[in-house]
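Engineer: One structure, pasted below without further comment.
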Amino acid sequence: MKRKGFDPQDTKPFKLSRSKIELFCECPFCFYLDRKLGVAQPGGFPFNLNSAVDHLLKKEFDFYRAKSEVHPLMIKHKIDAIPFQHEKLDEWRKNQKGISYLHEPTRFLVAGAIDDVWITPSGELIIVDYKATSKAGEINLDADWQISYKRQMEIYQWLFRMNGFAVSPTGYFVYCNGKKDVPTFDECLKFEISVIHYLGDDSWIEPKLLEIHAVLTASQPPEPNPTCSLCSYRLAANGVLG
(Lines give C-alpha, C1' and ligand atoms only; values in the text may rest on other atoms or scores of the structure.)
Protein backbone atom coordinates (compact mmCIF):
# COMPACT_ATOMS: atom_id res chain seq x y z
CA MET A 1 0.00 0.00 0.00
CA LYS A 2 1.32 3.43 -0.96
CA ARG A 3 1.62 5.90 1.89
CA LYS A 4 2.38 9.59 2.24
CA GLY A 5 5.99 10.46 1.59
CA PHE A 6 8.22 13.41 2.36
CA ASP A 7 6.91 16.79 1.14
CA PRO A 8 9.59 19.53 1.14
CA GLN A 9 6.85 22.20 1.33
CA ASP A 10 5.41 20.76 4.53
CA THR A 11 6.80 22.57 7.58
CA LYS A 12 5.57 19.98 10.08
CA PRO A 13 8.15 17.57 11.56
CA PHE A 14 8.76 14.49 9.43
CA LYS A 15 9.27 11.30 11.42
CA LEU A 16 12.46 9.44 10.62
CA SER A 17 12.91 6.23 12.54
CA ARG A 18 16.18 4.59 13.41
CA SER A 19 15.37 1.76 10.99
CA LYS A 20 14.78 4.21 8.11
CA ILE A 21 18.17 5.82 8.75
CA GLU A 22 19.64 2.32 8.53
CA LEU A 23 17.76 1.76 5.26
CA PHE A 24 19.36 4.92 3.85
CA CYS A 25 22.80 3.70 4.90
CA GLU A 26 22.18 0.41 3.11
CA CYS A 27 20.47 1.74 -0.03
CA PRO A 28 19.59 5.42 -0.67
CA PHE A 29 17.44 4.43 -3.67
CA CYS A 30 15.21 2.06 -1.63
CA PHE A 31 15.04 4.74 1.06
CA TYR A 32 13.92 7.32 -1.55
CA LEU A 33 11.15 5.02 -2.78
CA ASP A 34 9.98 4.53 0.79
CA ARG A 35 10.27 7.96 2.42
CA LYS A 36 9.86 10.23 -0.63
CA LEU A 37 7.45 8.30 -2.85
CA GLY A 38 5.72 6.30 -0.10
CA VAL A 39 6.46 2.86 -1.60
CA ALA A 40 7.75 0.63 1.19
CA GLN A 41 9.84 -2.49 0.86
CA PRO A 42 8.05 -5.85 1.25
CA GLY A 43 7.62 -6.70 4.90
CA GLY A 44 9.86 -9.31 6.49
CA PHE A 45 8.83 -12.34 8.52
CA PRO A 46 8.37 -11.78 12.26
CA PHE A 47 11.11 -13.27 14.46
CA ASN A 48 8.83 -14.58 17.19
CA LEU A 49 11.51 -16.47 19.12
CA ASN A 50 13.72 -13.38 19.15
CA SER A 51 10.75 -11.34 20.37
CA ALA A 52 10.16 -13.85 23.15
CA VAL A 53 13.79 -13.58 24.29
CA ASP A 54 13.53 -9.77 24.18
CA HIS A 55 10.34 -9.82 26.26
CA LEU A 56 11.76 -12.17 28.89
CA LEU A 57 14.99 -10.20 29.22
CA LYS A 58 13.02 -7.01 29.80
CA LYS A 59 10.94 -8.73 32.48
CA GLU A 60 14.07 -10.03 34.17
CA PHE A 61 15.92 -6.71 34.17
CA ASP A 62 12.73 -4.95 35.29
CA PHE A 63 12.63 -7.25 38.34
CA TYR A 64 16.00 -5.88 39.47
CA ARG A 65 15.09 -2.37 38.30
CA ALA A 66 12.10 -2.26 40.64
CA LYS A 67 14.40 -3.09 43.57
CA SER A 68 17.23 -0.79 42.44
CA GLU A 69 19.52 -3.81 42.50
CA VAL A 70 22.39 -4.99 40.36
CA HIS A 71 21.56 -7.73 37.85
CA PRO A 72 23.74 -10.87 38.16
CA LEU A 73 25.04 -10.37 34.60
CA MET A 74 26.40 -6.97 35.65
CA ILE A 75 28.19 -8.59 38.57
CA LYS A 76 29.58 -11.36 36.37
CA HIS A 77 30.93 -8.87 33.80
CA LYS A 78 32.06 -6.31 36.42
CA ILE A 79 29.76 -3.55 35.12
CA ASP A 80 29.30 -0.87 37.77
CA ALA A 81 25.68 0.04 37.07
CA ILE A 82 22.07 -0.82 37.84
CA PRO A 83 18.98 -0.83 35.58
CA PHE A 84 17.81 2.77 35.07
CA GLN A 85 14.39 3.77 36.42
CA HIS A 86 12.48 6.43 34.50
CA GLU A 87 8.80 7.26 34.05
CA LYS A 88 9.18 7.19 30.25
CA LEU A 89 10.93 3.81 30.00
CA ASP A 90 7.84 1.98 28.72
CA GLU A 91 7.32 4.71 26.11
CA TRP A 92 10.97 4.54 25.02
CA ARG A 93 10.54 0.80 24.43
CA LYS A 94 7.44 1.03 22.20
CA ASN A 95 8.05 0.78 18.47
CA GLN A 96 5.47 3.43 17.60
CA LYS A 97 6.81 5.81 20.27
CA GLY A 98 10.41 5.38 21.34
CA ILE A 99 12.69 8.22 22.36
CA SER A 100 12.67 11.09 19.86
CA TYR A 101 14.39 14.34 19.04
CA LEU A 102 13.48 17.10 16.58
CA HIS A 103 16.50 17.88 14.41
CA GLU A 104 15.81 21.52 13.58
CA PRO A 105 18.01 21.90 10.45
CA THR A 106 16.05 19.16 8.65
CA ARG A 107 12.77 19.12 10.64
CA PHE A 108 13.27 15.36 11.02
CA LEU A 109 11.70 13.90 14.14
CA VAL A 110 14.30 11.19 14.71
CA ALA A 111 13.05 8.31 16.85
CA GLY A 112 14.10 4.89 18.04
CA ALA A 113 12.76 2.23 20.42
CA ILE A 114 15.37 1.01 22.87
CA ASP A 115 15.62 -2.29 24.78
CA ASP A 116 17.18 -1.13 28.02
CA VAL A 117 19.11 1.60 29.82
CA TRP A 118 21.45 1.19 32.78
CA ILE A 119 22.92 3.92 34.97
CA THR A 120 26.34 4.24 36.59
CA PRO A 121 26.99 5.63 40.09
CA SER A 122 28.16 8.89 38.45
CA GLY A 123 24.80 9.29 36.66
CA GLU A 124 25.90 8.33 33.14
CA LEU A 125 23.40 6.29 31.16
CA ILE A 126 24.48 3.10 29.42
CA ILE A 127 22.49 2.12 26.34
CA VAL A 128 21.79 -1.60 26.12
CA ASP A 129 20.52 -3.66 23.21
CA TYR A 130 19.32 -7.27 23.33
CA LYS A 131 20.19 -9.72 20.55
CA ALA A 132 19.33 -13.39 20.02
CA THR A 133 20.92 -15.93 17.70
CA SER A 134 21.88 -19.59 17.49
CA LYS A 135 25.36 -20.22 16.15
CA ALA A 136 28.49 -22.19 16.83
CA GLY A 137 31.65 -20.44 17.96
CA GLU A 138 32.34 -17.21 19.75
CA ILE A 139 29.73 -14.47 19.87
CA ASN A 140 31.19 -11.15 18.72
CA LEU A 141 30.47 -8.03 16.61
CA ASP A 142 33.09 -8.74 13.94
CA ALA A 143 30.87 -9.61 10.95
CA ASP A 144 30.52 -6.94 8.25
CA TRP A 145 26.74 -7.01 8.46
CA GLN A 146 26.86 -6.20 12.18
CA ILE A 147 27.74 -2.60 11.32
CA SER A 148 23.96 -2.11 11.45
CA TYR A 149 23.99 -3.13 15.14
CA LYS A 150 26.73 -0.59 15.85
CA ARG A 151 24.88 2.21 14.05
CA GLN A 152 21.75 1.25 15.96
CA MET A 153 23.57 1.65 19.26
CA GLU A 154 25.07 4.98 18.21
CA ILE A 155 21.71 6.41 17.16
CA TYR A 156 20.24 5.48 20.55
CA GLN A 157 23.20 7.09 22.32
CA TRP A 158 22.76 10.23 20.20
CA LEU A 159 19.02 10.41 20.92
CA PHE A 160 19.56 10.28 24.66
CA ARG A 161 22.30 12.91 24.48
CA MET A 162 20.03 15.18 22.44
CA ASN A 163 17.40 14.76 25.16
CA GLY A 164 19.80 16.13 27.75
CA PHE A 165 21.07 12.93 29.36
CA ALA A 166 24.71 12.22 30.16
CA VAL A 167 25.48 9.09 28.15
CA SER A 168 28.48 6.79 28.41
CA PRO A 169 30.25 6.17 25.08
CA THR A 170 30.30 2.49 26.04
CA GLY A 171 27.14 0.56 25.33
CA TYR A 172 26.42 -3.14 25.81
CA PHE A 173 24.86 -5.89 23.72
CA VAL A 174 23.24 -8.65 25.77
CA TYR A 175 23.62 -11.46 23.25
CA CYS A 176 21.67 -14.70 23.80
CA ASN A 177 22.96 -17.70 21.85
CA GLY A 178 20.63 -20.70 21.60
CA LYS A 179 22.55 -23.91 22.25
CA LYS A 180 22.25 -26.71 19.70
CA ASP A 181 24.77 -29.08 21.29
CA VAL A 182 22.58 -30.26 24.16
CA PRO A 183 21.64 -33.98 24.14
CA THR A 184 17.84 -33.50 24.27
CA PHE A 185 15.30 -30.75 23.74
CA ASP A 186 13.07 -31.47 26.79
CA GLU A 187 10.72 -28.64 25.78
CA CYS A 188 13.39 -26.11 26.75
CA LEU A 189 15.65 -23.98 24.56
CA LYS A 190 18.84 -23.24 26.49
CA PHE A 191 20.94 -20.13 25.96
CA GLU A 192 24.43 -18.91 26.68
CA ILE A 193 24.42 -15.17 27.35
CA SER A 194 27.31 -12.91 26.40
CA VAL A 195 27.56 -9.24 27.36
CA ILE A 196 29.63 -7.44 24.73
CA HIS A 197 30.80 -3.87 25.20
CA TYR A 198 30.92 -1.44 22.29
CA LEU A 199 32.48 2.03 22.20
CA GLY A 200 30.09 4.17 20.17
CA ASP A 201 30.82 7.20 18.01
CA ASP A 202 27.77 9.21 16.95
CA SER A 203 29.71 11.87 14.97
CA TRP A 204 28.37 10.45 11.68
CA ILE A 205 24.71 11.05 12.51
CA GLU A 206 24.48 14.83 12.00
CA PRO A 207 26.09 14.77 8.51
CA LYS A 208 24.02 11.71 7.62
CA LEU A 209 20.78 13.52 8.46
CA LEU A 210 21.83 16.41 6.23
CA GLU A 211 22.66 13.93 3.47
CA ILE A 212 19.25 12.30 3.84
CA HIS A 213 17.56 15.70 3.66
CA ALA A 214 19.49 16.53 0.48
CA VAL A 215 18.33 13.28 -1.14
CA LEU A 216 14.69 13.86 -0.15
CA THR A 217 14.69 17.43 -1.52
CA ALA A 218 16.56 16.58 -4.76
CA SER A 219 14.70 16.71 -8.06
CA GLN A 220 15.95 13.25 -9.07
CA PRO A 221 16.25 10.00 -7.10
CA PRO A 222 19.66 8.52 -6.33
CA GLU A 223 20.98 5.73 -8.54
CA PRO A 224 19.96 2.15 -7.68
CA ASN A 225 22.51 0.36 -5.55
CA PRO A 226 24.15 -2.54 -7.46
CA THR A 227 24.82 -4.37 -4.18
CA CYS A 228 21.19 -4.13 -3.04
CA SER A 229 19.20 -7.32 -3.67
CA LEU A 230 15.93 -5.41 -4.19
CA CYS A 231 17.52 -3.00 -6.64
CA SER A 232 19.02 -5.95 -8.54
CA TYR A 233 15.60 -7.61 -8.64
CA ARG A 234 13.96 -4.46 -10.00
CA LEU A 235 16.62 -4.04 -12.69
CA ALA A 236 16.35 -7.70 -13.70
CA ALA A 237 12.55 -7.52 -13.84
CA ASN A 238 12.66 -4.33 -15.92
CA GLY A 239 15.12 -5.99 -18.29
CA VAL A 240 12.81 -8.96 -18.85
CA LEU A 241 9.66 -6.84 -19.17
CA GLY A 242 11.34 -4.34 -21.45
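FYI, nothing fancy with the C-alpha coordinates labels: chains A, B, ... in order, residues from 1 per chain, ligands from 1 as they appear.
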Using the chain letters and numbers from this document, which residues of segment 64-221 of chain A does DSSP assign to strand (DSSP E), as an MDAnalysis selection string?

Structural biologist: chainID A and resid 82:83 99:103 108:112 116:119 125:133 170:178 191:199

Engineer: What are the closest atom pairs, with distances in Å to one decimal, for all residues of segment 38-120 of chain A lying within 12 Å of segment 178-189 of chain A? Consider only C-alpha atoms, order rows by chain and residue number, and present the result as a tab-separated table.

Structural biologist:
```
residue	atom	partner	partner_atom	distance
A:Leu49	CA	A:Leu189	CA	10.2
A:Asn50	CA	A:Gly178	CA	10.4
A:Ala52	CA	A:Leu189	CA	11.6
A:Val53	CA	A:Gly178	CA	10.2
```

Engineer: Need the shell around segment 69-73 of chain A: protein/DNA/RNA residues with any atom at most 7 Å away, counting only C-alpha atoms. Skip same-chain ones fewer than 6 positions apart. Format as JSON, numbers by chain?

Structural biologist: {"A": [61, 81, 82]}

Engineer: Emit the selected residues as an mmCIF file, in the first residue's frame, including C-alpha atoms.

Structural biologist:
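After the write, out_19.cif holds the following:
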```
data_model
loop_
_atom_site.group_PDB
_atom_site.id
_atom_site.type_symbol
_atom_site.label_atom_id
_atom_site.label_comp_id
_atom_site.auth_asym_id
_atom_site.auth_seq_id
_atom_site.Cartn_x
_atom_site.Cartn_y
_atom_site.Cartn_z
ATOM 1 C CA PHE A 61 15.918 -6.707 34.170
ATOM 2 C CA ALA A 81 25.681 0.035 37.068
ATOM 3 C CA ILE A 82 22.066 -0.823 37.841
#
```

Engineer: When distances are computed from only C-alpha atoms, which of A:Leu89, A:Ile196, A:Val240, A:Ala132 shows the smallest separation from Arg65 of chain A?

Structural biologist: A:Leu89

Engineer: Please, which residues of chain A, numbered as in this document, come out alpha helix (DSSP H) from DSSP, as a ChimeraX atom specification?

Structural biologist: /A:18-26,28-35,48-66,72-76,89-93,147-162,205-217,229-241

Engineer: Counting only C-alpha atoms, which of A:Ile205, A:Val195, A:Val117, A:Ala237 gets nearest to Ile155 of chain A?

Structural biologist: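 Nearest candidate to Ile155 of chain A out of A:Ile205, A:Val195, A:Val117, A:Ala237: A:Ile205.
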
Engineer: In terms of the shortest atom-to-atom distance over only C-alpha atoms, which of A:Cys27, A:Met153, A:Leu125, A:Ala113 is closest to Cys228 of chain A?

Structural biologist: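 Answer, going by the shortest atom-to-atom distance: A:Cys27.
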
Engineer: Counting only C-alpha atoms, which residues of segment 66-161 of chain A sit at most 10 Å from some atom of segment 210-221 of chain A, and what is each one's closest atom pair with its distance in Å to one decimal, listed by chain and rising residue number, as a Markdown table?

Structural biologist:
```
| residue | atom | partner | partner_atom | distance |
| --- | --- | --- | --- | --- |
| A:His103 | CA | A:Leu210 | CA | 9.9 |
| A:Pro105 | CA | A:Leu210 | CA | 7.9 |
| A:Thr106 | CA | A:His213 | CA | 6.3 |
| A:Arg107 | CA | A:His213 | CA | 9.1 |
| A:Phe108 | CA | A:His213 | CA | 8.5 |
```

Engineer: Next, the residues of the selection above should be written as a CSV table (one decimal), in the first residue's frame with N, CA and C atoms.

Structural biologist:
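Saved file again24.csv follows:
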```
chain,number,residue,atom,x,y,z
A,103,HIS,N,15.3,17.3,15.0
A,103,HIS,CA,16.5,17.9,14.4
A,103,HIS,C,16.1,19.1,13.6
A,105,PRO,N,17.6,21.6,11.8
A,105,PRO,CA,18.0,21.9,10.4
A,105,PRO,C,17.2,21.2,9.4
A,106,THR,N,16.8,20.0,9.7
A,106,THR,CA,16.1,19.2,8.7
A,106,THR,C,14.6,19.0,8.9
A,107,ARG,N,14.1,19.4,10.2
A,107,ARG,CA,12.8,19.1,10.6
A,107,ARG,C,12.5,17.6,10.7
A,108,PHE,N,13.5,16.8,10.8
A,108,PHE,CA,13.3,15.4,11.0
A,108,PHE,C,13.0,15.1,12.5
```

Engineer: For segment 170-177 of chain A, find every residue with an atom within 8 Å (counting only C-alpha atoms), except residues of its own chain fewer than 3 positions away, and show them as a PyMOL selection string.

Structural biologist: chain A and resi 53+126-135+139+153+191-200

Engineer: Of the candidates A:Asn48, A:Thr11, A:Thr227, A:Asn238, which shows the shortest atom-to-atom distance to Pro28 of chain A, using only C-alpha atoms?

Structural biologist: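 With only C-alpha atoms as the atom set, the closest residue is A:Thr227.
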
Engineer: Give me the residues within 10 Å of segment 95-97 of chain A as number ranges by chain, counting only C-alpha atoms and dropping any in the same chain fewer than 6 places off.

Structural biologist: A: 17, 111-114

Engineer: I need the chosen residues saved as an mmCIF file, in the first residue's frame, with N, CA and C atoms.

Structural biologist:
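The new file part-v1.cif reads:
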```
data_model
loop_
_atom_site.group_PDB
_atom_site.id
_atom_site.type_symbol
_atom_site.label_atom_id
_atom_site.label_comp_id
_atom_site.auth_asym_id
_atom_site.auth_seq_id
_atom_site.Cartn_x
_atom_site.Cartn_y
_atom_site.Cartn_z
ATOM 1 N N SER A 17 12.558 7.225 11.537
ATOM 2 C CA SER A 17 12.906 6.227 12.542
ATOM 3 C C SER A 17 14.352 5.769 12.397
ATOM 4 N N ALA A 111 13.579 9.120 15.747
ATOM 5 C CA ALA A 111 13.049 8.314 16.847
ATOM 6 C C ALA A 111 13.591 6.898 16.788
ATOM 7 N N GLY A 112 13.670 6.280 17.957
ATOM 8 C CA GLY A 112 14.097 4.893 18.038
ATOM 9 C C GLY A 112 13.601 4.258 19.321
ATOM 10 N N ALA A 113 13.254 2.974 19.250
ATOM 11 C CA ALA A 113 12.764 2.234 20.419
ATOM 12 C C ALA A 113 13.908 1.410 20.990
ATOM 13 N N ILE A 114 14.228 1.652 22.243
ATOM 14 C CA ILE A 114 15.370 1.005 22.871
ATOM 15 C C ILE A 114 14.926 -0.264 23.625
#
```

Engineer: Neighbours of Leu230 of chain A within 10 Å (only C-alpha atoms; same-chain residues fewer than 2 positions away dropped), as a list in words?

Structural biologist: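 Once the adjacent positions are removed, what remains is Cys27, Phe29, Cys30, Gln41, Pro42, Pro224, Asn225, Pro226, Thr227, Cys228, Ser232, Tyr233, Arg234, Leu235 and Ala236 of chain A.
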
Engineer: So that I have them on file, write out the residues from the current selection with N, CA and C atoms, as a PDB file, in the first residue's frame.

Structural biologist:
```pdb
ATOM      1  N   CYS A  27      20.856   1.490   1.362  1.00  0.00           N
ATOM      2  CA  CYS A  27      20.472   1.745  -0.032  1.00  0.00           C
ATOM      3  C   CYS A  27      19.674   3.048  -0.129  1.00  0.00           C
ATOM      4  N   PHE A  29      18.526   4.514  -2.687  1.00  0.00           N
ATOM      5  CA  PHE A  29      17.442   4.425  -3.666  1.00  0.00           C
ATOM      6  C   PHE A  29      16.186   3.805  -3.033  1.00  0.00           C
ATOM      7  N   CYS A  30      16.353   2.682  -2.312  1.00  0.00           N
ATOM      8  CA  CYS A  30      15.214   2.065  -1.632  1.00  0.00           C
ATOM      9  C   CYS A  30      14.629   3.016  -0.584  1.00  0.00           C
ATOM     10  N   GLN A  41       9.345  -1.173   1.193  1.00  0.00           N
ATOM     11  CA  GLN A  41       9.841  -2.492   0.856  1.00  0.00           C
ATOM     12  C   GLN A  41       8.853  -3.554   1.328  1.00  0.00           C
ATOM     13  N   PRO A  42       8.885  -4.754   0.720  1.00  0.00           N
ATOM     14  CA  PRO A  42       8.048  -5.849   1.246  1.00  0.00           C
ATOM     15  C   PRO A  42       8.401  -6.136   2.692  1.00  0.00           C
ATOM     16  N   PRO A 224      20.114   3.437  -8.373  1.00  0.00           N
ATOM     17  CA  PRO A 224      19.960   2.152  -7.680  1.00  0.00           C
ATOM     18  C   PRO A 224      21.316   1.613  -7.233  1.00  0.00           C
ATOM     19  N   ASN A 225      21.288   0.917  -6.135  1.00  0.00           N
ATOM     20  CA  ASN A 225      22.510   0.364  -5.550  1.00  0.00           C
ATOM     21  C   ASN A 225      22.774  -1.024  -6.129  1.00  0.00           C
ATOM     22  N   PRO A 226      23.895  -1.228  -6.842  1.00  0.00           N
ATOM     23  CA  PRO A 226      24.152  -2.537  -7.457  1.00  0.00           C
ATOM     24  C   PRO A 226      24.353  -3.663  -6.448  1.00  0.00           C
ATOM     25  N   THR A 227      24.647  -3.333  -5.191  1.00  0.00           N
ATOM     26  CA  THR A 227      24.825  -4.374  -4.177  1.00  0.00           C
ATOM     27  C   THR A 227      23.543  -4.655  -3.396  1.00  0.00           C
ATOM     28  N   CYS A 228      22.470  -3.938  -3.719  1.00  0.00           N
ATOM     29  CA  CYS A 228      21.192  -4.128  -3.036  1.00  0.00           C
ATOM     30  C   CYS A 228      20.386  -5.206  -3.760  1.00  0.00           C
ATOM     31  N   SER A 232      18.649  -4.979  -7.514  1.00  0.00           N
ATOM     32  CA  SER A 232      19.018  -5.952  -8.544  1.00  0.00           C
ATOM     33  C   SER A 232      17.782  -6.652  -9.085  1.00  0.00           C
ATOM     34  N   TYR A 233      16.848  -6.963  -8.202  1.00  0.00           N
ATOM     35  CA  TYR A 233      15.602  -7.608  -8.640  1.00  0.00           C
ATOM     36  C   TYR A 233      14.805  -6.682  -9.563  1.00  0.00           C
ATOM     37  N   ARG A 234      14.702  -5.410  -9.163  1.00  0.00           N
ATOM     38  CA  ARG A 234      13.956  -4.460 -10.003  1.00  0.00           C
ATOM     39  C   ARG A 234      14.608  -4.317 -11.378  1.00  0.00           C
ATOM     40  N   LEU A 235      15.919  -4.199 -11.411  1.00  0.00           N
ATOM     41  CA  LEU A 235      16.624  -4.044 -12.689  1.00  0.00           C
ATOM     42  C   LEU A 235      16.448  -5.280 -13.563  1.00  0.00           C
ATOM     43  N   ALA A 236      16.534  -6.468 -12.941  1.00  0.00           N
ATOM     44  CA  ALA A 236      16.354  -7.705 -13.704  1.00  0.00           C
ATOM     45  C   ALA A 236      14.931  -7.824 -14.241  1.00  0.00           C
TER      46      ALA A 236
END
```

Engineer: Report the distance between atom CA of Pro13 of chain A and atom CA of Leu102 of chain A in Å, rounded to one decimal place.

Structural biologist: 7.3 Å
